[in-house]
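J.: Contents of final.pdb (PDB, C-alpha atoms and all ligand atoms) are below:
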MODEL        1
ATOM      1  CA  MET F   1    -274.478-146.252  -5.327  1.00  0.00           C
ATOM      2  CA  ALA F   2    -275.788-145.057  -1.955  1.00  0.00           C
ATOM      3  CA  GLU F   3    -278.850-142.848  -2.089  1.00  0.00           C
ATOM      4  CA  THR F   4    -278.236-139.134  -1.730  1.00  0.00           C
ATOM      5  CA  ILE F   5    -280.491-136.093  -1.519  1.00  0.00           C
ATOM      6  CA  ARG F   6    -280.082-133.113  -3.877  1.00  0.00           C
ATOM      7  CA  VAL F   7    -281.670-129.888  -2.663  1.00  0.00           C
ATOM      8  CA  LEU F   8    -284.462-128.774  -5.016  1.00  0.00           C
ATOM      9  CA  VAL F   9    -286.087-126.029  -2.930  1.00  0.00           C
ATOM     10  CA  PRO F  10    -283.983-124.681  -0.018  1.00  0.00           C
ATOM     11  CA  GLU F  11    -285.513-124.182   3.433  1.00  0.00           C
ATOM     12  CA  LYS F  12    -285.553-120.375   3.175  1.00  0.00           C
ATOM     13  CA  GLU F  13    -287.489-120.472  -0.087  1.00  0.00           C
ATOM     14  CA  VAL F  14    -290.027-122.925   1.344  1.00  0.00           C
ATOM     15  CA  ASP F  15    -290.522-120.714   4.414  1.00  0.00           C
ATOM     16  CA  LYS F  16    -290.916-117.581   2.278  1.00  0.00           C
ATOM     17  CA  ARG F  17    -293.486-119.232   0.021  1.00  0.00           C
ATOM     18  CA  ILE F  18    -295.511-120.557   2.970  1.00  0.00           C
ATOM     19  CA  GLU F  19    -295.540-117.034   4.401  1.00  0.00           C
ATOM     20  CA  GLU F  20    -296.937-115.746   1.063  1.00  0.00           C
ATOM     21  CA  LEU F  21    -299.571-118.490   0.935  1.00  0.00           C
ATOM     22  CA  GLY F  22    -300.629-117.753   4.520  1.00  0.00           C
ATOM     23  CA  LYS F  23    -301.063-114.084   3.642  1.00  0.00           C
ATOM     24  CA  LYS F  24    -303.077-114.822   0.501  1.00  0.00           C
ATOM     25  CA  ILE F  25    -305.319-117.324   2.301  1.00  0.00           C
ATOM     26  CA  SER F  26    -305.872-114.811   5.139  1.00  0.00           C
ATOM     27  CA  GLU F  27    -306.973-112.211   2.553  1.00  0.00           C
ATOM     28  CA  ASP F  28    -309.220-114.620   0.664  1.00  0.00           C
ATOM     29  CA  TYR F  29    -310.909-115.876   3.859  1.00  0.00           C
ATOM     30  CA  ALA F  30    -311.276-112.454   5.492  1.00  0.00           C
ATOM     31  CA  GLY F  31    -314.292-112.444   7.833  1.00  0.00           C
ATOM     32  CA  LYS F  32    -314.506-116.252   7.816  1.00  0.00           C
ATOM     33  CA  GLN F  33    -313.127-119.177   9.752  1.00  0.00           C
ATOM     34  CA  VAL F  34    -311.065-121.567   7.658  1.00  0.00           C
ATOM     35  CA  HIS F  35    -311.305-125.278   8.448  1.00  0.00           C
ATOM     36  CA  LEU F  36    -308.002-126.906   7.484  1.00  0.00           C
ATOM     37  CA  ILE F  37    -308.012-130.602   6.659  1.00  0.00           C
ATOM     38  CA  CYS F  38    -304.662-132.328   6.736  1.00  0.00           C
ATOM     39  CA  VAL F  39    -304.187-135.455   4.669  1.00  0.00           C
ATOM     40  CA  LEU F  40    -301.784-137.555   6.738  1.00  0.00           C
ATOM     41  CA  LYS F  41    -299.001-138.183   6.935  1.00  0.00           C
ATOM     42  CA  GLY F  42    -297.258-136.009   4.371  1.00  0.00           C
ATOM     43  CA  GLY F  43    -299.424-132.925   4.825  1.00  0.00           C
ATOM     44  CA  VAL F  44    -298.707-132.470   8.515  1.00  0.00           C
ATOM     45  CA  PHE F  45    -295.488-130.417   8.360  1.00  0.00           C
ATOM     46  CA  PHE F  46    -296.872-128.054   5.741  1.00  0.00           C
ATOM     47  CA  MET F  47    -300.210-127.634   7.509  1.00  0.00           C
ATOM     48  CA  CYS F  48    -298.585-126.711  10.822  1.00  0.00           C
ATOM     49  CA  GLU F  49    -296.334-124.107   9.195  1.00  0.00           C
ATOM     50  CA  LEU F  50    -299.176-122.732   7.076  1.00  0.00           C
ATOM     51  CA  ALA F  51    -301.618-122.518   9.983  1.00  0.00           C
ATOM     52  CA  LYS F  52    -299.134-120.389  11.969  1.00  0.00           C
ATOM     53  CA  ARG F  53    -299.158-117.832   9.167  1.00  0.00           C
ATOM     54  CA  ILE F  54    -302.932-117.550   8.709  1.00  0.00           C
ATOM     55  CA  THR F  55    -304.438-114.605  10.557  1.00  0.00           C
ATOM     56  CA  VAL F  56    -308.178-115.445  10.296  1.00  0.00           C
ATOM     57  CA  PRO F  57    -309.638-117.974  12.774  1.00  0.00           C
ATOM     58  CA  VAL F  58    -308.459-121.511  12.004  1.00  0.00           C
ATOM     59  CA  SER F  59    -309.804-124.917  12.974  1.00  0.00           C
ATOM     60  CA  MET F  60    -308.123-128.158  11.986  1.00  0.00           C
ATOM     61  CA  ASP F  61    -308.909-131.781  11.419  1.00  0.00           C
ATOM     62  CA  PHE F  62    -306.929-134.759  10.165  1.00  0.00           C
ATOM     63  CA  MET F  63    -307.616-137.738   7.985  1.00  0.00           C
ATOM     64  CA  SER F  64    -305.653-140.644   6.654  1.00  0.00           C
ATOM     65  CA  VAL F  65    -306.402-142.404   3.385  1.00  0.00           C
ATOM     66  CA  SER F  66    -304.934-145.263   1.432  1.00  0.00           C
ATOM     67  CA  SER F  67    -305.330-146.081  -2.240  1.00  0.00           C
ATOM     68  CA  TYR F  68    -306.895-149.275  -3.446  1.00  0.00           C
ATOM     69  CA  GLY F  69    -304.146-150.784  -5.583  1.00  0.00           C
ATOM     70  CA  ALA F  70    -304.830-151.987  -9.109  1.00  0.00           C
ATOM     71  CA  GLY F  71    -301.742-153.928 -10.127  1.00  0.00           C
ATOM     72  CA  THR F  72    -298.585-151.901  -9.662  1.00  0.00           C
ATOM     73  CA  GLU F  73    -300.296-148.584 -10.448  1.00  0.00           C
ATOM     74  CA  SER F  74    -302.469-147.218  -7.666  1.00  0.00           C
ATOM     75  CA  SER F  75    -306.082-146.700  -8.740  1.00  0.00           C
ATOM     76  CA  GLY F  76    -306.313-143.720  -6.427  1.00  0.00           C
ATOM     77  CA  ILE F  77    -309.753-144.832  -5.281  1.00  0.00           C
ATOM     78  CA  VAL F  78    -309.337-143.934  -1.675  1.00  0.00           C
ATOM     79  CA  LYS F  79    -310.194-145.894   1.390  1.00  0.00           C
ATOM     80  CA  ILE F  80    -310.533-143.846   4.559  1.00  0.00           C
ATOM     81  CA  VAL F  81    -308.130-145.243   7.160  1.00  0.00           C
ATOM     82  CA  LYS F  82    -308.767-142.500   9.725  1.00  0.00           C
ATOM     83  CA  ASP F  83    -311.809-140.302   9.223  1.00  0.00           C
ATOM     84  CA  LEU F  84    -312.249-136.693  10.274  1.00  0.00           C
ATOM     85  CA  ASP F  85    -313.413-136.075  13.852  1.00  0.00           C
ATOM     86  CA  GLU F  86    -315.746-133.196  12.951  1.00  0.00           C
ATOM     87  CA  PRO F  87    -318.606-132.837  10.419  1.00  0.00           C
ATOM     88  CA  LEU F  88    -317.974-130.497   7.448  1.00  0.00           C
ATOM     89  CA  GLU F  89    -321.481-129.106   7.078  1.00  0.00           C
ATOM     90  CA  GLY F  90    -321.477-125.341   6.604  1.00  0.00           C
ATOM     91  CA  LYS F  91    -317.696-125.016   6.932  1.00  0.00           C
ATOM     92  CA  ASP F  92    -315.227-123.252   4.659  1.00  0.00           C
ATOM     93  CA  VAL F  93    -312.903-126.187   4.098  1.00  0.00           C
ATOM     94  CA  LEU F  94    -309.343-125.979   2.838  1.00  0.00           C
ATOM     95  CA  ILE F  95    -307.686-129.329   2.117  1.00  0.00           C
ATOM     96  CA  VAL F  96    -303.949-129.184   2.748  1.00  0.00           C
ATOM     97  CA  GLU F  97    -301.671-131.591   0.882  1.00  0.00           C
ATOM     98  CA  ASP F  98    -297.919-131.937   0.592  1.00  0.00           C
ATOM     99  CA  ILE F  99    -298.007-132.956  -3.076  1.00  0.00           C
ATOM    100  CA  ILE F 100    -300.386-133.516  -5.969  1.00  0.00           C
ATOM    101  CA  ASP F 101    -298.985-135.974  -8.457  1.00  0.00           C
ATOM    102  CA  SER F 102    -301.485-137.948 -10.589  1.00  0.00           C
ATOM    103  CA  GLY F 103    -304.313-136.121  -8.803  1.00  0.00           C
ATOM    104  CA  ARG F 104    -306.093-139.425  -8.118  1.00  0.00           C
ATOM    105  CA  THR F 105    -306.050-139.161  -4.327  1.00  0.00           C
ATOM    106  CA  LEU F 106    -307.598-135.701  -4.252  1.00  0.00           C
ATOM    107  CA  PHE F 107    -310.036-136.391  -7.074  1.00  0.00           C
ATOM    108  CA  HIS F 108    -311.630-139.212  -5.098  1.00  0.00           C
ATOM    109  CA  LEU F 109    -311.258-137.549  -1.709  1.00  0.00           C
ATOM    110  CA  MET F 110    -313.020-134.387  -2.919  1.00  0.00           C
ATOM    111  CA  LYS F 111    -315.977-136.446  -4.135  1.00  0.00           C
ATOM    112  CA  ILE F 112    -316.337-138.080  -0.702  1.00  0.00           C
ATOM    113  CA  LEU F 113    -315.949-134.836   1.270  1.00  0.00           C
ATOM    114  CA  LYS F 114    -318.227-132.710  -0.927  1.00  0.00           C
ATOM    115  CA  GLU F 115    -321.103-135.036  -0.055  1.00  0.00           C
ATOM    116  CA  ARG F 116    -320.744-133.907   3.578  1.00  0.00           C
ATOM    117  CA  GLY F 117    -322.119-130.454   2.772  1.00  0.00           C
ATOM    118  CA  PRO F 118    -319.263-127.973   3.336  1.00  0.00           C
ATOM    119  CA  LYS F 119    -320.070-124.337   2.539  1.00  0.00           C
ATOM    120  CA  SER F 120    -316.962-124.212   0.332  1.00  0.00           C
ATOM    121  CA  MET F 121    -314.067-126.522  -0.438  1.00  0.00           C
ATOM    122  CA  HIS F 122    -310.671-125.529  -1.807  1.00  0.00           C
ATOM    123  CA  ILE F 123    -307.256-127.159  -2.164  1.00  0.00           C
ATOM    124  CA  CYS F 124    -303.846-125.974  -1.055  1.00  0.00           C
ATOM    125  CA  THR F 125    -300.718-127.975  -1.884  1.00  0.00           C
ATOM    126  CA  LEU F 126    -297.081-127.290  -1.167  1.00  0.00           C
ATOM    127  CA  LEU F 127    -295.954-129.047  -4.348  1.00  0.00           C
ATOM    128  CA  ASP F 128    -297.581-129.777  -7.673  1.00  0.00           C
ATOM    129  CA  LYS F 129    -296.293-132.005 -10.466  1.00  0.00           C
ATOM    130  CA  PRO F 130    -298.579-130.889 -13.332  1.00  0.00           C
ATOM    131  CA  GLU F 131    -296.813-133.143 -15.878  1.00  0.00           C
ATOM    132  CA  ARG F 132    -298.003-136.223 -13.990  1.00  0.00           C
ATOM    133  CA  ARG F 133    -301.681-135.328 -13.821  1.00  0.00           C
ATOM    134  CA  VAL F 134    -304.160-138.056 -14.713  1.00  0.00           C
ATOM    135  CA  GLU F 135    -307.275-136.695 -12.963  1.00  0.00           C
ATOM    136  CA  ASP F 136    -308.365-133.111 -13.431  1.00  0.00           C
ATOM    137  CA  VAL F 137    -308.340-131.440 -10.026  1.00  0.00           C
ATOM    138  CA  LYS F 138    -308.624-127.695  -9.587  1.00  0.00           C
ATOM    139  CA  VAL F 139    -305.891-126.574  -7.222  1.00  0.00           C
ATOM    140  CA  ASP F 140    -306.444-123.176  -5.629  1.00  0.00           C
ATOM    141  CA  TYR F 141    -303.127-122.569  -3.842  1.00  0.00           C
ATOM    142  CA  VAL F 142    -299.794-124.017  -4.992  1.00  0.00           C
ATOM    143  CA  GLY F 143    -296.447-123.525  -3.269  1.00  0.00           C
ATOM    144  CA  PHE F 144    -294.221-124.725  -6.094  1.00  0.00           C
ATOM    145  CA  ASN F 145    -294.705-126.409  -9.448  1.00  0.00           C
ATOM    146  CA  ILE F 146    -291.959-128.998  -9.709  1.00  0.00           C
ATOM    147  CA  PRO F 147    -290.680-131.301 -12.471  1.00  0.00           C
ATOM    148  CA  ASP F 148    -291.422-135.005 -12.595  1.00  0.00           C
ATOM    149  CA  GLU F 149    -288.844-136.124 -10.034  1.00  0.00           C
ATOM    150  CA  PHE F 150    -289.323-138.068  -6.819  1.00  0.00           C
ATOM    151  CA  VAL F 151    -289.063-135.595  -3.963  1.00  0.00           C
ATOM    152  CA  VAL F 152    -288.716-135.887  -0.198  1.00  0.00           C
ATOM    153  CA  GLY F 153    -288.654-133.585   2.792  1.00  0.00           C
ATOM    154  CA  TYR F 154    -291.200-131.296   4.423  1.00  0.00           C
ATOM    155  CA  GLY F 155    -293.434-134.292   5.105  1.00  0.00           C
ATOM    156  CA  LEU F 156    -292.665-136.268   1.954  1.00  0.00           C
ATOM    157  CA  ASP F 157    -291.040-139.649   2.338  1.00  0.00           C
ATOM    158  CA  TYR F 158    -289.061-142.237   0.477  1.00  0.00           C
ATOM    159  CA  ALA F 159    -289.764-145.594   2.192  1.00  0.00           C
ATOM    160  CA  GLN F 160    -290.926-143.595   5.254  1.00  0.00           C
ATOM    161  CA  LYS F 161    -287.585-141.735   5.522  1.00  0.00           C
ATOM    162  CA  TYR F 162    -286.711-138.056   5.049  1.00  0.00           C
ATOM    163  CA  ARG F 163    -290.087-136.566   6.078  1.00  0.00           C
ATOM    164  CA  ASN F 164    -288.238-134.429   8.644  1.00  0.00           C
ATOM    165  CA  LEU F 165    -285.924-132.670   6.172  1.00  0.00           C
ATOM    166  CA  PRO F 166    -286.610-128.914   6.366  1.00  0.00           C
ATOM    167  CA  PHE F 167    -286.157-128.490   2.572  1.00  0.00           C
ATOM    168  CA  ILE F 168    -287.445-130.215  -0.565  1.00  0.00           C
ATOM    169  CA  GLY F 169    -284.937-132.640  -2.026  1.00  0.00           C
ATOM    170  CA  VAL F 170    -284.674-135.141  -4.868  1.00  0.00           C
ATOM    171  CA  VAL F 171    -283.626-138.705  -4.087  1.00  0.00           C
ATOM    172  CA  GLU F 172    -280.712-139.786  -6.245  1.00  0.00           C
ATOM    173  CA  GLY F 173    -278.818-143.042  -6.544  1.00  0.00           C
ATOM    174  CA  VAL F 174    -281.816-145.368  -6.309  1.00  0.00           C
ATOM    175  CA  GLU F 175    -283.038-147.748  -9.023  1.00  0.00           C
TER     176      GLU F 175
HETATM  177  O1  LIG J 201    -301.781-137.184  -6.708  1.00  0.00           O
HETATM  178  P1  LIG J 201    -301.487-138.590  -6.295  1.00  0.00           P
HETATM  179  O2  LIG J 201    -300.769-139.378  -7.380  1.00  0.00           O
HETATM  180  O3  LIG J 201    -302.689-139.326  -5.793  1.00  0.00           O
HETATM  181  O4  LIG J 201    -300.384-138.544  -5.129  1.00  0.00           O
HETATM  182  C1  LIG J 201    -300.455-137.659  -4.068  1.00  0.00           C
HETATM  183  C2  LIG J 201    -300.655-138.377  -2.776  1.00  0.00           C
HETATM  184  O5  LIG J 201    -299.527-139.199  -2.496  1.00  0.00           O
HETATM  185  C3  LIG J 201    -298.958-138.809  -1.249  1.00  0.00           C
HETATM  186  O6  LIG J 201    -299.449-139.575  -0.190  1.00  0.00           O
HETATM  187  P2  LIG J 201    -298.933-141.035   0.185  1.00  0.00           P
HETATM  188  O7  LIG J 201    -299.917-142.046  -0.341  1.00  0.00           O
HETATM  189  O8  LIG J 201    -297.502-141.192  -0.265  1.00  0.00           O
HETATM  190  O9  LIG J 201    -299.051-141.061   1.777  1.00  0.00           O
HETATM  191  P3  LIG J 201    -298.222-140.285   2.913  1.00  0.00           P
HETATM  192  O10 LIG J 201    -298.674-138.822   2.868  1.00  0.00           O
HETATM  193  O11 LIG J 201    -298.625-140.946   4.179  1.00  0.00           O
HETATM  194  O12 LIG J 201    -296.750-140.425   2.602  1.00  0.00           O
HETATM  195  C4  LIG J 201    -299.398-137.374  -1.054  1.00  0.00           C
HETATM  196  O13 LIG J 201    -299.409-136.996   0.300  1.00  0.00           O
HETATM  197  C5  LIG J 201    -300.756-137.346  -1.663  1.00  0.00           C
HETATM  198  O14 LIG J 201    -301.777-137.684  -0.745  1.00  0.00           O
HETATM  199  O1  LIG J 202    -292.514-137.228  -5.373  1.00  0.00           O
HETATM  200  C1  LIG J 202    -293.092-137.784  -4.398  1.00  0.00           C
HETATM  201  N1  LIG J 202    -292.426-138.007  -3.228  1.00  0.00           N
HETATM  202  C2  LIG J 202    -293.004-138.606  -2.143  1.00  0.00           C
HETATM  203  N2  LIG J 202    -294.268-139.034  -2.155  1.00  0.00           N
HETATM  204  C3  LIG J 202    -294.994-138.834  -3.278  1.00  0.00           C
HETATM  205  N3  LIG J 202    -296.283-139.161  -3.525  1.00  0.00           N
HETATM  206  C4  LIG J 202    -296.557-138.765  -4.769  1.00  0.00           C
HETATM  207  N4  LIG J 202    -295.453-138.173  -5.348  1.00  0.00           N
HETATM  208  C5  LIG J 202    -294.460-138.219  -4.418  1.00  0.00           C
ENDMDL
END
How would this structure read if it were set down as structure tokens?
Ligand SMILES: O=P(O)(O)OC[C@H]1O[C@H](OP(=O)(O)OP(=O)(O)O)[C@H](O)[C@@H]1O
Ligand code: HPA

T.:
Amino acid sequence: MAETIRVLVPEKEVDKRIEELGKKISEDYAGKQVHLICVLKGGVFFMCELAKRITVPVSMDFMSVSSYGAGTESSGIVKIVKDLDEPLEGKDVLIVEDIIDSGRTLFHLMKILKERGPKSMHICTLLDKPERRVEDVKVDYVGFNIPDEFVVGYGLDYAQKYRNLPFIGVVEGVE
């Protein structure tokens, strides 16, 4: 059977939720500058849309990480493939992710970034799969809690495809 995509969260709902998150973040960071960190590649679509809806001053940086594999299951111990350009010292940092699944990536990434002396560090994710959590990470802003299904769109890929879909979909018809 050919793979197909079933819509899980339509574009309008995603847009509306990002608007709400932008408003809440703008309230919570009133009087401050928020330093957004995008975890590439998946986080890029969400971060751009979110940043447009934040009304306090915003700065942005990007990093790319890969997990050290341990057999078939990723260990989540992250290796920095592309580091941030700017130091984090004294900044109010908000890490922006497309999805938190096992929590391993963020658990290890937070440890590395906290050592760089940010004034504060919080997490914002478009999607959260709480059922899949292995590492305990405190997530401050969540777009949608979703069931344990493999999703694509809005930055998320299946074999590097579908990142450009403007909605969240579930891949069907694959083994
Ligand atoms: O909570 P976890 O189980 O660690 O999974 C979440 C991580 O997996 C995805 O990245 P991926 O490695 O697929 O890279 P990509 O963003 O470049 O697609 C996602 O963007 C998170 O970084
Ligand atoms: O459901 C998912 N889809 C795409 N990438 C992912 N990385 C962790 N979970 C997912």

J.: Might you pull out every residue within 12 Å of segment 171-174 of chain F, with only C-alpha atoms counted and same-chain residues fewer than 3 positions away left off, and present them as JSON, numbers by chain?

T.: {"F": [1, 2, 3, 4, 5, 6, 7, 8, 149, 150, 151, 152, 153, 156, 157, 158, 159, 161, 162, 168]}

J.: With segment 73-93 of chain F as the partner and 6 Å as the cut-off, tabulate the residues of segment 102-161 of chain F that qualify, each row holding the nearest pair of atoms and their distance in Å to one decimal, using only C-alpha atoms, sorted by chain and rising number, as CSV.

T.:
residue,atom,partner,partner_atom,distance
F:Arg104,CA,F:Gly76,CA,4.6
F:Thr105,CA,F:Gly76,CA,5.0
F:His108,CA,F:Ile77,CA,5.9
F:Arg116,CA,F:Leu88,CA,5.9
F:Gly117,CA,F:Glu89,CA,4.6
F:Pro118,CA,F:Glu89,CA,4.5
F:Lys119,CA,F:Gly90,CA,4.4
F:Ser120,CA,F:Asp92,CA,4.8
F:Met121,CA,F:Val93,CA,4.7

J.: Listing only residues of chain F within 10 Å of ligand LIG 201 (chain J), what is the closest atom pair and its distance in Å (to one decimal) for each, using only C-alpha atoms and all ligand atoms, sorted by chain and residue number ascending, as a tab-separated table?

T.:
residue	atom	partner	partner_atom	distance
F:Cys38	CA	J:LIG201	O13	9.5
F:Val39	CA	J:LIG201	O14	6.3
F:Leu40	CA	J:LIG201	O10	5.1
F:Lys41	CA	J:LIG201	O11	3.9
F:Gly42	CA	J:LIG201	O10	3.5
F:Gly43	CA	J:LIG201	O13	6.1
F:Val44	CA	J:LIG201	O10	8.5
F:Ser64	CA	J:LIG201	O11	7.5
F:Val65	CA	J:LIG201	O7	7.5
F:Ser66	CA	J:LIG201	O7	6.2
F:Ser67	CA	J:LIG201	O7	7.0
F:Glu73	CA	J:LIG201	O2	9.7
F:Ser74	CA	J:LIG201	O2	8.0
F:Ser75	CA	J:LIG201	O3	8.6
F:Gly76	CA	J:LIG201	O3	5.7
F:Ile77	CA	J:LIG201	O3	9.0
F:Val78	CA	J:LIG201	O3	9.1
F:Val96	CA	J:LIG201	O13	9.4
F:Glu97	CA	J:LIG201	O13	5.9
F:Asp98	CA	J:LIG201	O13	5.3
F:Ile99	CA	J:LIG201	C4	5.1
F:Ile100	CA	J:LIG201	O1	4.0
F:Asp101	CA	J:LIG201	O1	3.5
F:Ser102	CA	J:LIG201	O2	3.6
F:Gly103	CA	J:LIG201	O1	3.5
F:Arg104	CA	J:LIG201	O3	4.1
F:Thr105	CA	J:LIG201	O3	3.7
F:Leu106	CA	J:LIG201	O3	6.3
F:Phe107	CA	J:LIG201	O3	8.0
F:His108	CA	J:LIG201	O3	9.0
F:Leu109	CA	J:LIG201	O14	9.5
F:Thr125	CA	J:LIG201	O13	9.4
F:Leu127	CA	J:LIG201	C4	9.6
F:Asp128	CA	J:LIG201	O1	8.6
F:Lys129	CA	J:LIG201	O1	8.4
F:Pro130	CA	J:LIG201	O1	9.7
F:Arg132	CA	J:LIG201	O2	7.8
F:Arg133	CA	J:LIG201	O1	7.4
F:Val134	CA	J:LIG201	O2	8.2
F:Glu135	CA	J:LIG201	O1	8.3
F:Val137	CA	J:LIG201	O1	9.3
F:Val152	CA	J:LIG201	O12	9.6
F:Gly155	CA	J:LIG201	O10	7.3
F:Leu156	CA	J:LIG201	O12	5.9
F:Asp157	CA	J:LIG201	O12	5.8
F:Tyr158	CA	J:LIG201	O12	8.2
F:Ala159	CA	J:LIG201	O12	8.7
F:Gln160	CA	J:LIG201	O12	7.1
F:Lys161	CA	J:LIG201	O12	9.7
F:Arg163	CA	J:LIG201	O12	8.4

J.: Using only C-alpha atoms, which protein or nucleic acid residues come within 9 Å of Lys24 of chain F? Drop anything in the same chain fewer than 5 positions from it, and give the result as a PyMOL selection string.

T.: chain F and resi 19+29+54+141

J.: For the selection you just gave me, I'd like the residues written to a file as a PDB file, keeping the file's coordinate frame, keeping C-alpha atoms.

T.:
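Everything below was put into again37.pdb:
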ATOM      1  CA  GLU F  19    -295.540-117.034   4.401  1.00  0.00           C
ATOM      2  CA  TYR F  29    -310.909-115.876   3.859  1.00  0.00           C
ATOM      3  CA  ILE F  54    -302.932-117.550   8.709  1.00  0.00           C
ATOM      4  CA  TYR F 141    -303.127-122.569  -3.842  1.00  0.00           C
TER       5      TYR F 141
END

J.: If I take atom CA of Val58 of chain F and atom CA of Ile95 of chain F, how far is one from the other in Å, to one decimal?

T.: 12.6 Å
